[in-house]
>>> print(open('work_12.cif').read())   # mmCIF, C-alpha atoms
data_my_file
#
loop_
_atom_site.label_atom_id
_atom_site.label_comp_id
_atom_site.auth_asym_id
_atom_site.auth_seq_id
_atom_site.Cartn_x
_atom_site.Cartn_y
_atom_site.Cartn_z
CA MET I 1 7.86 6.79 -8.77
CA ASP I 2 11.59 6.74 -9.40
CA VAL I 3 14.06 4.04 -8.43
CA GLU I 4 17.78 4.63 -8.15
CA ARG I 5 20.11 1.67 -7.67
CA VAL I 6 23.41 2.11 -5.85
CA SER I 7 25.96 -0.62 -5.10
CA MET I 8 27.44 -0.39 -1.60
CA GLY I 9 29.99 -3.20 -1.47
CA GLU I 10 28.00 -6.41 -1.87
CA VAL I 11 24.72 -4.72 -1.05
CA GLN I 12 22.42 -3.22 -3.66
CA VAL I 13 20.53 -0.23 -2.32
CA PHE I 14 17.34 0.86 -4.08
CA ARG I 15 16.22 4.42 -3.33
CA ILE I 16 12.55 4.89 -4.07
CA THR I 17 10.99 8.31 -4.57
CA GLY I 18 7.20 8.73 -4.81
CA ARG I 19 4.49 6.15 -4.35
CA LEU I 20 4.39 2.37 -4.61
CA ASP I 21 0.83 1.67 -5.70
CA SER I 22 -0.94 -0.40 -8.35
CA GLY I 23 0.24 2.00 -11.05
CA THR I 24 3.95 2.08 -10.18
CA SER I 25 4.65 -1.26 -8.53
CA PRO I 26 5.01 -3.33 -11.73
CA ALA I 27 8.00 -1.16 -12.75
CA PHE I 28 9.42 -1.45 -9.22
CA GLU I 29 8.98 -5.23 -9.33
CA ALA I 30 10.78 -5.50 -12.67
CA GLU I 31 13.62 -3.30 -11.43
CA VAL I 32 14.21 -5.03 -8.09
CA LEU I 33 13.43 -8.70 -8.69
CA LYS I 34 15.54 -9.02 -11.82
CA THR I 35 18.67 -8.07 -9.85
CA ILE I 36 18.25 -10.72 -7.14
CA ARG I 37 20.14 -13.94 -7.92
CA PRO I 38 22.70 -16.15 -6.17
CA GLY I 39 25.76 -14.00 -5.52
CA ALA I 40 23.79 -10.76 -5.83
CA ASN I 41 21.15 -11.19 -3.20
CA ARG I 42 21.86 -8.58 -0.54
CA VAL I 43 19.20 -5.92 -0.97
CA VAL I 44 18.36 -2.79 1.01
CA LEU I 45 15.41 -0.52 0.21
CA ASP I 46 15.64 3.18 1.06
CA PHE I 47 12.10 4.33 1.91
CA THR I 48 13.17 7.80 3.10
CA LYS I 49 11.45 9.46 0.13
CA LEU I 50 8.54 7.05 -0.22
CA ASP I 51 5.19 8.85 -0.09
CA TYR I 52 3.02 5.80 0.46
CA VAL I 53 2.73 2.10 -0.19
CA SER I 54 -0.39 0.08 -1.05
CA SER I 55 -0.76 -3.70 -1.19
CA ALA I 56 0.69 -3.68 -4.71
CA GLY I 57 3.96 -2.33 -3.31
CA LEU I 58 3.84 -4.65 -0.29
CA ARG I 59 3.54 -7.57 -2.69
CA VAL I 60 6.88 -6.65 -4.32
CA VAL I 61 8.48 -6.20 -0.88
CA LEU I 62 7.28 -9.68 0.11
CA LEU I 63 8.50 -11.27 -3.14
CA ALA I 64 11.92 -9.60 -2.79
CA ALA I 65 12.21 -10.73 0.85
CA LYS I 66 11.29 -14.30 -0.09
CA GLN I 67 13.64 -14.32 -3.07
CA THR I 68 16.63 -13.10 -1.04
CA ARG I 69 15.83 -15.63 1.68
CA ALA I 70 15.58 -18.47 -0.86
CA THR I 71 19.09 -17.69 -2.13
CA GLN I 72 20.58 -17.20 1.39
CA GLY I 73 20.86 -13.45 0.86
CA ALA I 74 19.75 -10.55 3.02
CA PHE I 75 16.97 -7.99 2.87
CA ALA I 76 16.32 -4.84 4.88
CA ILE I 77 14.41 -1.57 4.61
CA PHE I 78 15.24 1.74 6.29
CA GLY I 79 13.91 5.25 6.71
CA MET I 80 10.16 4.76 6.42
CA ALA I 81 7.90 7.50 7.77
CA LYS I 82 5.52 6.65 10.61
CA PRO I 83 2.35 6.32 8.47
CA ILE I 84 4.15 3.80 6.25
CA LEU I 85 5.47 1.90 9.28
CA HIS I 86 1.86 1.73 10.42
CA VAL I 87 0.92 0.00 7.14
CA PHE I 88 3.76 -2.50 7.68
CA GLN I 89 2.47 -3.19 11.19
CA MET I 90 -1.15 -3.69 10.05
CA SER I 91 0.02 -6.08 7.33
CA GLY I 92 2.17 -8.16 9.65
CA PHE I 93 5.22 -7.19 7.60
CA ALA I 94 6.94 -5.41 10.49
CA ARG I 95 7.49 -8.82 12.08
CA ILE I 96 8.86 -10.61 9.02
CA ILE I 97 10.98 -7.86 7.39
CA ALA I 98 14.09 -6.26 8.94
CA LEU I 99 13.25 -2.55 9.38
CA PHE I 100 15.74 0.11 10.46
CA ASP I 101 15.81 3.84 11.08
CA THR I 102 19.12 4.53 9.38
CA GLU I 103 20.99 3.42 6.28
CA ALA I 104 24.05 2.46 8.39
CA GLU I 105 21.99 0.02 10.45
CA ALA I 106 20.35 -1.49 7.37
CA LEU I 107 23.72 -1.92 5.61
CA ALA I 108 25.24 -3.51 8.70
CA SER I 109 22.32 -5.93 8.88
CA ALA I 110 22.53 -6.82 5.19
CA GLY I 111 26.27 -7.38 5.37
CA GLY I 112 27.58 -4.34 3.52
CA MET V 1 -5.96 10.14 -8.00
CA ASP V 2 -5.06 13.78 -8.61
CA ALA V 3 -8.64 14.87 -7.92
CA ALA V 4 -8.59 12.95 -4.64
CA GLU V 5 -5.30 14.53 -3.60
CA ALA V 6 -6.67 17.96 -4.44
CA LEU V 7 -9.78 17.36 -2.33
CA LEU V 8 -7.71 16.12 0.62
CA GLY V 9 -5.52 19.20 0.26
CA GLU V 10 -8.50 21.57 0.17
CA TRP V 11 -9.71 20.16 3.48
CA ALA V 12 -6.17 20.28 4.93
CA ILE V 13 -6.38 16.62 5.91
CA ASP V 14 -3.66 15.30 8.19
CA PRO V 15 -0.93 13.63 6.03
CA ALA V 16 -1.24 10.26 7.78
CA ASP V 17 -5.01 10.17 7.15
CA ALA V 18 -4.58 11.48 3.58
CA MET V 19 -2.09 8.70 2.86
CA GLN V 20 -4.57 6.09 4.07
CA VAL V 21 -7.30 7.52 1.84
CA MET V 22 -4.99 7.30 -1.18
CA VAL V 23 -4.20 3.68 -0.29
CA ILE V 24 -7.92 2.87 0.08
CA ILE V 25 -8.63 4.37 -3.37
CA ASP V 26 -5.75 2.43 -4.94
CA GLU V 27 -6.90 -0.85 -3.38
CA ILE V 28 -10.54 -0.48 -4.40
CA GLY V 29 -9.82 0.85 -7.90
CA SER V 30 -7.19 -1.77 -8.71
CA ASN V 31 -9.39 -4.53 -7.35
CA ILE V 32 -12.27 -3.52 -9.62
CA ILE V 33 -9.96 -3.35 -12.64
CA LYS V 34 -8.53 -6.81 -11.84
CA ALA V 35 -11.70 -8.67 -10.92
CA ALA V 36 -14.87 -7.05 -12.22
CA TRP V 37 -14.71 -7.83 -15.92
CA PRO V 38 -13.16 -11.25 -16.60
CA GLY V 39 -14.45 -11.02 -20.18
CA GLY V 40 -12.50 -7.83 -20.90
CA GLY V 41 -13.94 -5.13 -23.15
CA GLU V 42 -14.48 -1.48 -22.41
CA HIS V 43 -16.14 -0.69 -19.08
CA HIS V 44 -16.57 2.17 -16.69
CA PHE V 45 -16.54 2.44 -12.95
CA GLY V 46 -17.12 5.32 -10.59
CA LEU V 47 -15.36 6.39 -7.40
CA ASP V 48 -17.06 9.20 -5.53
CA LEU V 49 -15.27 10.84 -2.65
CA HIS V 50 -17.19 13.06 -0.29
CA ILE V 51 -15.93 14.87 2.80
CA GLU V 52 -18.19 16.69 5.22
CA GLU V 53 -18.08 18.39 8.57
CA ALA V 54 -19.60 16.07 11.18
CA GLU V 55 -19.80 15.70 14.91
CA GLY V 56 -16.31 15.13 16.27
CA GLY V 57 -14.46 16.09 13.08
CA LEU V 58 -14.54 15.39 9.39
CA HIS V 59 -16.27 12.45 7.83
CA LEU V 60 -15.28 10.81 4.58
CA ARG V 61 -17.58 8.70 2.46
CA LEU V 62 -16.25 6.87 -0.56
CA VAL V 63 -18.63 5.07 -2.90
CA ALA V 64 -17.25 2.78 -5.61
CA SER V 65 -19.61 1.52 -8.28
CA ASP V 66 -19.01 -0.87 -11.16
CA ASP V 67 -21.17 -2.97 -13.53
CA GLY V 68 -18.90 -6.01 -13.30
CA VAL V 69 -19.61 -9.51 -11.94
CA ALA V 70 -21.22 -9.53 -8.50
CA PHE V 71 -18.49 -9.52 -5.87
CA ASP V 72 -18.80 -8.79 -2.16
CA PRO V 73 -15.31 -7.91 -0.89
CA THR V 74 -16.50 -7.96 2.72
CA THR V 75 -16.72 -11.78 2.52
CA VAL V 76 -13.06 -12.29 1.56
CA PRO V 77 -11.16 -14.03 4.38
CA PRO V 78 -8.34 -11.89 5.80
CA PRO V 79 -4.70 -12.87 5.24
CA ASP V 80 -2.78 -14.47 8.11
CA VAL V 81 -0.82 -11.42 9.28
CA GLU V 82 0.84 -13.54 11.98
CA ALA V 83 2.48 -15.88 9.45
CA ASP V 84 6.27 -16.15 9.12
CA LEU V 85 8.03 -15.03 5.94
CA ASP V 86 8.27 -18.59 4.58
CA ASP V 87 4.53 -19.16 5.00
CA ARG V 88 3.39 -15.76 3.81
CA GLU V 89 2.07 -15.68 0.26
CA PRO V 90 1.20 -12.53 -1.71
CA GLY V 91 -2.46 -11.62 -2.06
CA GLY V 92 -5.49 -10.74 -0.02
CA LEU V 93 -3.85 -7.77 1.61
CA GLY V 94 -5.55 -4.95 -0.29
CA LEU V 95 -9.10 -5.34 0.94
CA PHE V 96 -7.77 -6.19 4.39
CA LEU V 97 -5.97 -2.83 4.48
CA VAL V 98 -9.17 -1.04 3.39
CA GLY V 99 -10.92 -2.58 6.40
CA GLU V 100 -8.09 -1.70 8.77
CA MET V 101 -7.83 1.89 7.54
CA SER V 102 -11.54 2.71 7.56
CA ASP V 103 -14.39 2.83 10.07
CA SER V 104 -16.89 0.87 7.99
CA VAL V 105 -17.05 -1.04 4.72
CA SER V 106 -20.41 -2.09 3.31
CA TYR V 107 -21.43 -3.79 0.10
CA ALA V 108 -24.65 -3.84 -1.91
CA ARG V 109 -25.62 -5.18 -5.31
CA VAL V 110 -27.86 -2.53 -6.81
CA ALA V 111 -29.45 -2.73 -10.26
CA GLY V 112 -26.68 -4.87 -11.72
CA HIS V 113 -23.92 -2.84 -10.07
CA ASN V 114 -21.52 -3.56 -7.23
CA ARG V 115 -21.62 -0.71 -4.77
CA LEU V 116 -18.99 -0.52 -2.06
CA THR V 117 -19.26 2.21 0.56
CA VAL V 118 -16.36 3.07 2.85
CA THR V 119 -16.49 5.60 5.68
CA LYS V 120 -13.63 7.07 7.66
CA ARG V 121 -13.22 9.85 10.22
CA LEU V 122 -10.48 12.28 9.24
CA GLN V 123 -8.32 14.69 11.19
CA ARG V 124 -7.24 18.07 9.94
CA VAL V 125 -3.58 19.06 10.01
CA THR V 126 -2.88 20.23 13.54
CA ALA V 127 -1.47 23.74 13.68
CA GLN V 128 2.14 23.82 14.80
CA PRO V 129 2.77 26.13 17.77
CA ALA V 130 4.93 29.09 16.80
#
>>> encode(input="work_12.cif", output="structure tokens")
Amino acid sequence: MDVERVSMGEVQVFRITGRLDSGTSPAFEAEVLKTIRPGANRVVLDFTKLDYVSSAGLRVVLLAAKQTRATQGAFAIFGMAKPILHVFQMSGFARIIALFDTEAEALASAGG
Amino acid sequence: MDAAEALLGEWAIDPADAMQVMVIIDEIGSNIIKAAWPGGGEHHFGLDLHIEEAEGGLHLRLVASDDGVAFDPTTVPPPDVEADLDDREPGGLGLFLVGEMSDSVSYARVAGHNRLTVTKRLQRVTAQPA
């Protein structure tokens, strides 16, 4: 798993390549959660190159969504493949997390 | 994990099904590591993955075995997947996903070991028309 962070205006975009599972999610958690604070709380995740996500990855997604909400920020994900969207639907995350097809839509939603 | 991916590749399993199998393995393996041995120390657990030709397609059987404390994951209450973001707390999702992604999950305590058996029908990659 690799994470690349890009600043797009006030929005921080994290591009994830590989898998978010029990082995890789602790590094992902450290990378993403440490950057969320008042004034830097607009976060977009690029899942275009994500191979799969297990509950360990979903946990980080949930924590990031809650943390941005708690600081009146914004959180969105874009570009997930259908099998990953299916996991989000099963988990009930599709109804509580803003999901988009394209980066432009996600940035617009997050205020970039 | 690599051995599982190789096996799924050998059988040309559909990517969506293969992804679910990898998630199931991650959930079960990480759960054993987290919960089975509260006292620590060096322990071993086994994860056997078996795919066979069956009526109506391929059939996967995964058997996880560990000598940790007795734990029946099929009794864990599911998370509230209808909850709003503010009410949603992390946890409980892994074994729920295993149930959602498989056809059956059964537990037995056998000779001091937890044995969890998961079955799932699998599709092969569908050939793309030329």
>>> closest_residue(input="work_12.cif", among="I:Ala65, I:Ala30, I:Ala94, I:Leu107", to="Val13 in chain I", atoms="all atoms listed in the file")
I:Leu107
>>> resolve_selection(input="work_12.cif", expression="the PyMOL selection byres ((chain V) within 9 of (chain I))", output="ChimeraX atom specification")
/V:15-17,19-20,22-24,26-27,29-30,79-86,88-97,100-101
>>> residues_around(input="work_12.cif", residues="range 60-69 of chain V", least_positions_apart="6", cutoff="6 Å", atoms="only C-alpha atoms", output="list in words")
Ala36, Trp37, Phe45, Gly46, Leu47, Asp48, Leu49, His50, Ile51, His113, Asn114, Arg115, Leu116, Thr117, Val118, Thr119 and Lys120 of chain V
>>> closest_residue(input="work_12.cif", among="I:Val43, I:Ala98, I:Val32, I:Ala27", to="Glu10 in chain I", atoms="all atoms listed in the file")
I:Val43
>>> resolve_selection(input="work_12.cif", expression="the PyMOL selection byres ((chain I and resi 4) around 7)", output="mmCIF file with C-alpha atoms, in the coordinates of the input")
data_model
loop_
_atom_site.group_PDB
_atom_site.id
_atom_site.type_symbol
_atom_site.label_atom_id
_atom_site.label_comp_id
_atom_site.auth_asym_id
_atom_site.auth_seq_id
_atom_site.Cartn_x
_atom_site.Cartn_y
_atom_site.Cartn_z
ATOM 1 C CA ASP I 2 11.590 6.740 -9.400
ATOM 2 C CA VAL I 3 14.060 4.040 -8.430
ATOM 3 C CA ARG I 5 20.110 1.670 -7.670
ATOM 4 C CA VAL I 6 23.410 2.110 -5.850
ATOM 5 C CA PHE I 14 17.340 0.860 -4.080
ATOM 6 C CA ARG I 15 16.220 4.420 -3.330
ATOM 7 C CA ILE I 16 12.550 4.890 -4.070
#
>>> residues_near_point(input="work_12.cif", point="(12.9, -0.9, 6.9)", cutoff="9 Å", atoms="all atoms listed in the file", output="list of chain:residue names")
I:Val44, I:Leu45, I:Asp46, I:Phe47, I:Ala76, I:Ile77, I:Phe78, I:Gly79, I:Met80, I:Leu85, I:Ala94, I:Ile97, I:Ala98, I:Leu99, I:Phe100, I:Asp101, I:Thr102, I:Ala106
>>> write_last_selection(input="work_12.cif", atoms="C-alpha atoms", output="CSV table (one decimal), keeping the file's coordinate frame")
chain,number,residue,atom,x,y,z
I,44,VAL,CA,18.4,-2.8,1.0
I,45,LEU,CA,15.4,-0.5,0.2
I,46,ASP,CA,15.6,3.2,1.1
I,47,PHE,CA,12.1,4.3,1.9
I,76,ALA,CA,16.3,-4.8,4.9
I,77,ILE,CA,14.4,-1.6,4.6
I,78,PHE,CA,15.2,1.7,6.3
I,79,GLY,CA,13.9,5.2,6.7
I,80,MET,CA,10.2,4.8,6.4
I,85,LEU,CA,5.5,1.9,9.3
I,94,ALA,CA,6.9,-5.4,10.5
I,97,ILE,CA,11.0,-7.9,7.4
I,98,ALA,CA,14.1,-6.3,8.9
I,99,LEU,CA,13.2,-2.6,9.4
I,100,PHE,CA,15.7,0.1,10.5
I,101,ASP,CA,15.8,3.8,11.1
I,102,THR,CA,19.1,4.5,9.4
I,106,ALA,CA,20.4,-1.5,7.4
>>> residues_around(input="work_12.cif", residues="Thr74 in chain V", least_positions_apart="6", cutoff="8 Å", atoms="all atoms listed in the file", output="list in words")
Val105, Ser106 and Tyr107 of chain V
>>> atom_distance(input="work_12.cif", atom1="CA of Val76 in chain V", atom2="CA of Ala4 in chain V")
26.4 Å
>>> decode(input="work_12.cif", residues="range 5-111 of chain I", atoms="C-alpha atoms", output="JSON list (two decimals), in the first residue's frame")
[["chain", "number", "residue", "atom", "x", "y", "z"],
["I", 5, "ARG", "CA", -0.76, 13.30, -0.36],
["I", 6, "VAL", "CA", -1.56, 16.21, -2.65],
["I", 7, "SER", "CA", -2.88, 19.62, -1.60],
["I", 8, "MET", "CA", -5.60, 20.97, -3.90],
["I", 9, "GLY", "CA", -6.41, 24.40, -2.49],
["I", 10, "GLU", "CA", -7.78, 23.79, 0.99],
["I", 11, "VAL", "CA", -8.43, 20.13, 0.32],
["I", 12, "GLN", "CA", -5.93, 17.38, 1.05],
["I", 13, "VAL", "CA", -6.23, 14.51, -1.40],
["I", 14, "PHE", "CA", -4.82, 11.12, -0.43],
["I", 15, "ARG", "CA", -4.21, 8.74, -3.33],
["I", 16, "ILE", "CA", -4.06, 5.15, -2.16],
["I", 17, "THR", "CA", -2.48, 2.39, -4.23],
["I", 18, "GLY", "CA", -2.82, -1.27, -3.21],
["I", 19, "ARG", "CA", -4.83, -2.78, -0.39],
["I", 20, "LEU", "CA", -6.21, -1.43, 2.86],
["I", 21, "ASP", "CA", -6.22, -4.47, 5.13],
["I", 22, "SER", "CA", -5.07, -5.36, 8.64],
["I", 23, "GLY", "CA", -1.45, -5.25, 7.52],
["I", 24, "THR", "CA", -1.47, -1.83, 5.82],
["I", 25, "SER", "CA", -4.21, 0.12, 7.58],
["I", 26, "PRO", "CA", -2.16, 1.19, 10.64],
["I", 27, "ALA", "CA", 0.23, 3.10, 8.32],
["I", 28, "PHE", "CA", -2.75, 4.59, 6.47],
["I", 29, "GLU", "CA", -4.32, 5.63, 9.78],
["I", 30, "ALA", "CA", -1.13, 7.33, 10.94],
["I", 31, "GLU", "CA", -0.76, 9.13, 7.61],
["I", 32, "VAL", "CA", -4.33, 10.41, 7.31],
["I", 33, "LEU", "CA", -5.49, 11.08, 10.86],
["I", 34, "LYS", "CA", -2.44, 13.09, 11.86],
["I", 35, "THR", "CA", -3.19, 15.65, 9.15],
["I", 36, "ILE", "CA", -6.79, 16.34, 10.21],
["I", 37, "ARG", "CA", -7.09, 19.30, 12.60],
["I", 38, "PRO", "CA", -9.07, 22.54, 12.76],
["I", 39, "GLY", "CA", -8.16, 24.56, 9.67],
["I", 40, "ALA", "CA", -6.90, 21.49, 7.80],
["I", 41, "ASN", "CA", -9.93, 19.27, 7.82],
["I", 42, "ARG", "CA", -11.05, 18.97, 4.21],
["I", 43, "VAL", "CA", -10.07, 15.49, 3.10],
["I", 44, "VAL", "CA", -10.68, 13.56, -0.11],
["I", 45, "LEU", "CA", -9.57, 9.95, -0.63],
["I", 46, "ASP", "CA", -8.73, 8.76, -4.14],
["I", 47, "PHE", "CA", -9.69, 5.06, -4.31],
["I", 48, "THR", "CA", -9.08, 4.74, -8.07],
["I", 49, "LYS", "CA", -6.08, 2.47, -7.50],
["I", 50, "LEU", "CA", -7.35, 0.69, -4.38],
["I", 51, "ASP", "CA", -7.34, -3.09, -4.82],
["I", 52, "TYR", "CA", -9.53, -3.91, -1.84],
["I", 53, "VAL", "CA", -10.56, -2.78, 1.61],
["I", 54, "SER", "CA", -11.24, -4.90, 4.69],
["I", 55, "SER", "CA", -12.78, -3.79, 8.00],
["I", 56, "ALA", "CA", -9.37, -2.53, 9.12],
["I", 57, "GLY", "CA", -9.41, 0.00, 6.28],
["I", 58, "LEU", "CA", -13.08, 0.83, 6.84],
["I", 59, "ARG", "CA", -12.24, 1.63, 10.44],
["I", 60, "VAL", "CA", -9.77, 4.33, 9.33],
["I", 61, "VAL", "CA", -12.32, 5.70, 6.85],
["I", 62, "LEU", "CA", -14.89, 5.94, 9.65],
["I", 63, "LEU", "CA", -12.45, 7.61, 12.05],
["I", 64, "ALA", "CA", -11.40, 10.14, 9.38],
["I", 65, "ALA", "CA", -15.04, 10.91, 8.54],
["I", 66, "LYS", "CA", -15.89, 11.41, 12.21],
["I", 67, "GLN", "CA", -12.80, 13.53, 12.83],
["I", 68, "THR", "CA", -13.51, 15.86, 9.89],
["I", 69, "ARG", "CA", -17.14, 16.14, 10.99],
["I", 70, "ALA", "CA", -16.12, 16.96, 14.58],
["I", 71, "THR", "CA", -14.00, 19.88, 13.36],
["I", 72, "GLN", "CA", -16.63, 21.12, 10.83],
["I", 73, "GLY", "CA", -14.53, 19.94, 7.90],
["I", 74, "ALA", "CA", -15.45, 17.85, 4.89],
["I", 75, "PHE", "CA", -14.77, 14.30, 3.78],
["I", 76, "ALA", "CA", -15.36, 12.53, 0.47],
["I", 77, "ILE", "CA", -14.11, 9.50, -1.47],
["I", 78, "PHE", "CA", -14.06, 9.04, -5.24],
["I", 79, "GLY", "CA", -13.21, 6.47, -7.88],
["I", 80, "MET", "CA", -13.88, 3.19, -6.10],
["I", 81, "ALA", "CA", -14.36, 0.09, -8.23],
["I", 82, "LYS", "CA", -17.70, -1.73, -8.05],
["I", 83, "PRO", "CA", -16.55, -4.58, -5.74],
["I", 84, "ILE", "CA", -15.29, -2.00, -3.24],
["I", 85, "LEU", "CA", -18.51, 0.01, -3.51],
["I", 86, "HIS", "CA", -20.30, -3.23, -2.70],
["I", 87, "VAL", "CA", -18.30, -3.51, 0.55],
["I", 88, "PHE", "CA", -19.27, 0.09, 1.42],
["I", 89, "GLN", "CA", -22.92, -0.77, 0.80],
["I", 90, "MET", "CA", -22.82, -3.94, 2.93],
["I", 91, "SER", "CA", -21.18, -2.01, 5.76],
["I", 92, "GLY", "CA", -23.71, 0.82, 5.70],
["I", 93, "PHE", "CA", -20.88, 3.23, 4.83],
["I", 94, "ALA", "CA", -22.37, 4.19, 1.47],
["I", 95, "ARG", "CA", -25.12, 6.04, 3.35],
["I", 96, "ILE", "CA", -22.88, 7.93, 5.78],
["I", 97, "ILE", "CA", -19.87, 8.81, 3.57],
["I", 98, "ALA", "CA", -19.99, 11.09, 0.50],
["I", 99, "LEU", "CA", -18.98, 8.90, -2.47],
["I", 100, "PHE", "CA", -18.34, 10.21, -5.98],
["I", 101, "ASP", "CA", -17.31, 8.85, -9.36],
["I", 102, "THR", "CA", -14.88, 11.62, -10.25],
["I", 103, "GLU", "CA", -12.24, 13.71, -8.53],
["I", 104, "ALA", "CA", -13.92, 16.94, -9.72],
["I", 105, "GLU", "CA", -17.17, 16.01, -7.98],
["I", 106, "ALA", "CA", -15.38, 15.01, -4.77],
["I", 107, "LEU", "CA", -13.35, 18.26, -4.72],
["I", 108, "ALA", "CA", -16.47, 20.33, -5.35],
["I", 109, "SER", "CA", -18.21, 18.57, -2.47],
["I", 110, "ALA", "CA", -15.27, 19.03, -0.11],
["I", 111, "GLY", "CA", -14.94, 22.70, -0.97]]
